[in-house]
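Written below as structure tokens is the structure these notes are about.
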Amino acid sequence: MVSFNKLGRLYLLVSVVALHLLPTPAICGEEKNLLHDINTYRKVLNLPVLQKRDKPSCLADKIADDLEDMHCDDFRDYYPMPGSNSKIPNFQKSVDKCKININSTKDGVIMPVCVPKLDSDALFSNYTKSNRFTKYLNNSKYTIAGVGSEDDWMVLIISTNTASGDFSSATSLLAHAWNAHCLLLAFFLTALIVLIN
């Protein structure tokens with residue numbers, strides 16, 4: 001018979017492993033502040049808040065990484081458009097690294113901004129007082145966000161909560177869920193075998 005002490009240790013071990021398997025969204029200070037400020041702005045306009053998601057955040061991080069060596073003036077003429085944008089350096093490479101099916105993502109808007117030292121007031125003003133961004137930020141159909149930053153660059157990505165705005169295909173989401181389920185099942189079976197022996 002298995003003792004209570006062994007079960008307690010097993011439970012502790014399973015809990016620790018399970019917690020490490022769960023995704024934990026981490027947002028840096030400037031990114032967290034920007035998303036908070038944008039959501040406060042949207043609340044004032046009676047718009048739904050933007051929910052942070054991993055796929056658009058991954059893409060925002062990769063784009064910010066690719067922009068870090070560019071001078072702010074080099075990207076001044078960028079104009080955000082829903083869907084993919086070939087003007088962004090290494091765009092397809094970033095999409096591939098984040099495992100996004102860009103062919104099914106047409107409602108995402110990528111909005112990079114360059115602000116020296118990522119000053120929070122200047123960032124907020126760039127997003128909320130510029131016509132190039134407000135037409136998207138003021139639109140209630142956008143409910144998902146991803147934020148990434150590097151040096152003087154901040155990238156905000158917003159999208160809809162529809163099949164054409166989710167930044168991944170349904171099959172890839174099911175595949176990731178199945179892989180995690182199989183891994184957890186294998187762990188429990190291994191732990192059970194160790195306890196029995």
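Going through the structure tokens in order, the chains are called A, B, and so on, while each chain numbers its residues from 1 and the ligands are numbered from 1 in the order shown.
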> Near segment 155-157 of chain A, counting only C-alpha atoms, which residues have an atom at most 7 Å away, once you skip same-chain residues fewer than 5 positions from it, shown as a VMD selection string?
Replying inline: chain A and resid 56 60 64 108 to 113 145 to 149
>> Please return, as number ranges by chain, all residues of segment 58-161 of chain A that DSSP assigns to strand (DSSP E) on the basis of the backbone.
In response: A: 109-114, 142-150, 153-160
>> Env of segment 133-140 of chain A: 12 Å cut, atoms = only C-alpha atoms, seq-sep filter 6 positions within chain, self excluded. Answer as a PyMOL selection string.
In response: chain A and resi 35+37-50+78-82+107-113+123-127+155-161
> atom CA of Lys87 of chain A to atom CA of Phe75 of chain A: how many Å, to one decimal?
Replying inline: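 According to the coordinates, atom CA of Lys87 of chain A and atom CA of Phe75 of chain A are separated by 9.2 Å.
As for atom CA of Cys72 of chain A and atom CA of Ile88 of chain A, they are spaced 13.5 Å apart.
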>> Could you list, as a ChimeraX atom specification, every residue within 12 Å of His71 of chain A, counting only C-alpha atoms and ignoring same-chain residues fewer than 6 positions away?
In response: /A:113-116,151-153
Would you output that residue set with N, CA, C and O atoms, as a PDB file, in the first residue's frame?
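Saved the output as out05.pdb:
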ATOM      1  N   VAL A 113       5.578  51.642 -33.143  1.00  0.00           N
ATOM      2  CA  VAL A 113       5.852  53.049 -32.816  1.00  0.00           C
ATOM      3  C   VAL A 113       7.278  53.131 -32.285  1.00  0.00           C
ATOM      4  O   VAL A 113       7.708  52.271 -31.526  1.00  0.00           O
ATOM      5  N   CYS A 114       7.972  54.183 -32.674  1.00  0.00           N
ATOM      6  CA  CYS A 114       9.321  54.407 -32.170  1.00  0.00           C
ATOM      7  C   CYS A 114       9.298  55.670 -31.304  1.00  0.00           C
ATOM      8  O   CYS A 114       8.946  56.759 -31.776  1.00  0.00           O
ATOM      9  N   VAL A 115       9.636  55.500 -30.036  1.00  0.00           N
ATOM     10  CA  VAL A 115       9.648  56.614 -29.079  1.00  0.00           C
ATOM     11  C   VAL A 115      10.924  56.491 -28.259  1.00  0.00           C
ATOM     12  O   VAL A 115      11.177  55.436 -27.664  1.00  0.00           O
ATOM     13  N   PRO A 116      11.741  57.537 -28.232  1.00  0.00           N
ATOM     14  CA  PRO A 116      12.979  57.475 -27.440  1.00  0.00           C
ATOM     15  C   PRO A 116      12.713  57.061 -25.991  1.00  0.00           C
ATOM     16  O   PRO A 116      11.841  57.613 -25.323  1.00  0.00           O
ATOM     17  N   ASP A 151      14.317  48.253 -27.190  1.00  0.00           N
ATOM     18  CA  ASP A 151      14.964  49.564 -27.252  1.00  0.00           C
ATOM     19  C   ASP A 151      13.908  50.674 -27.351  1.00  0.00           C
ATOM     20  O   ASP A 151      13.113  50.807 -26.446  1.00  0.00           O
ATOM     21  N   ASP A 152      13.893  51.435 -28.446  1.00  0.00           N
ATOM     22  CA  ASP A 152      12.944  52.538 -28.596  1.00  0.00           C
ATOM     23  C   ASP A 152      11.662  52.130 -29.327  1.00  0.00           C
ATOM     24  O   ASP A 152      10.821  52.976 -29.622  1.00  0.00           O
ATOM     25  N   TRP A 153      11.515  50.865 -29.628  1.00  0.00           N
ATOM     26  CA  TRP A 153      10.380  50.393 -30.411  1.00  0.00           C
ATOM     27  C   TRP A 153       9.332  49.692 -29.555  1.00  0.00           C
ATOM     28  O   TRP A 153       9.660  48.851 -28.724  1.00  0.00           O
TER      29      TRP A 153
END
> Between A:Lys32, A:Lys52, A:Cys58, A:Glu150, which has the minimum distance to Ile100 of chain A (counting only C-alpha atoms)?
Replying inline: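 Nearest candidate to Ile100 of chain A out of A:Lys32, A:Lys52, A:Cys58, A:Glu150: A:Cys58.
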> Could you work out how far atom CA of Ile102 of chain A lies from atom CA of Thr162 of chain A, giving the answer in Å with one decimal?
Replying inline: 13.7 Å
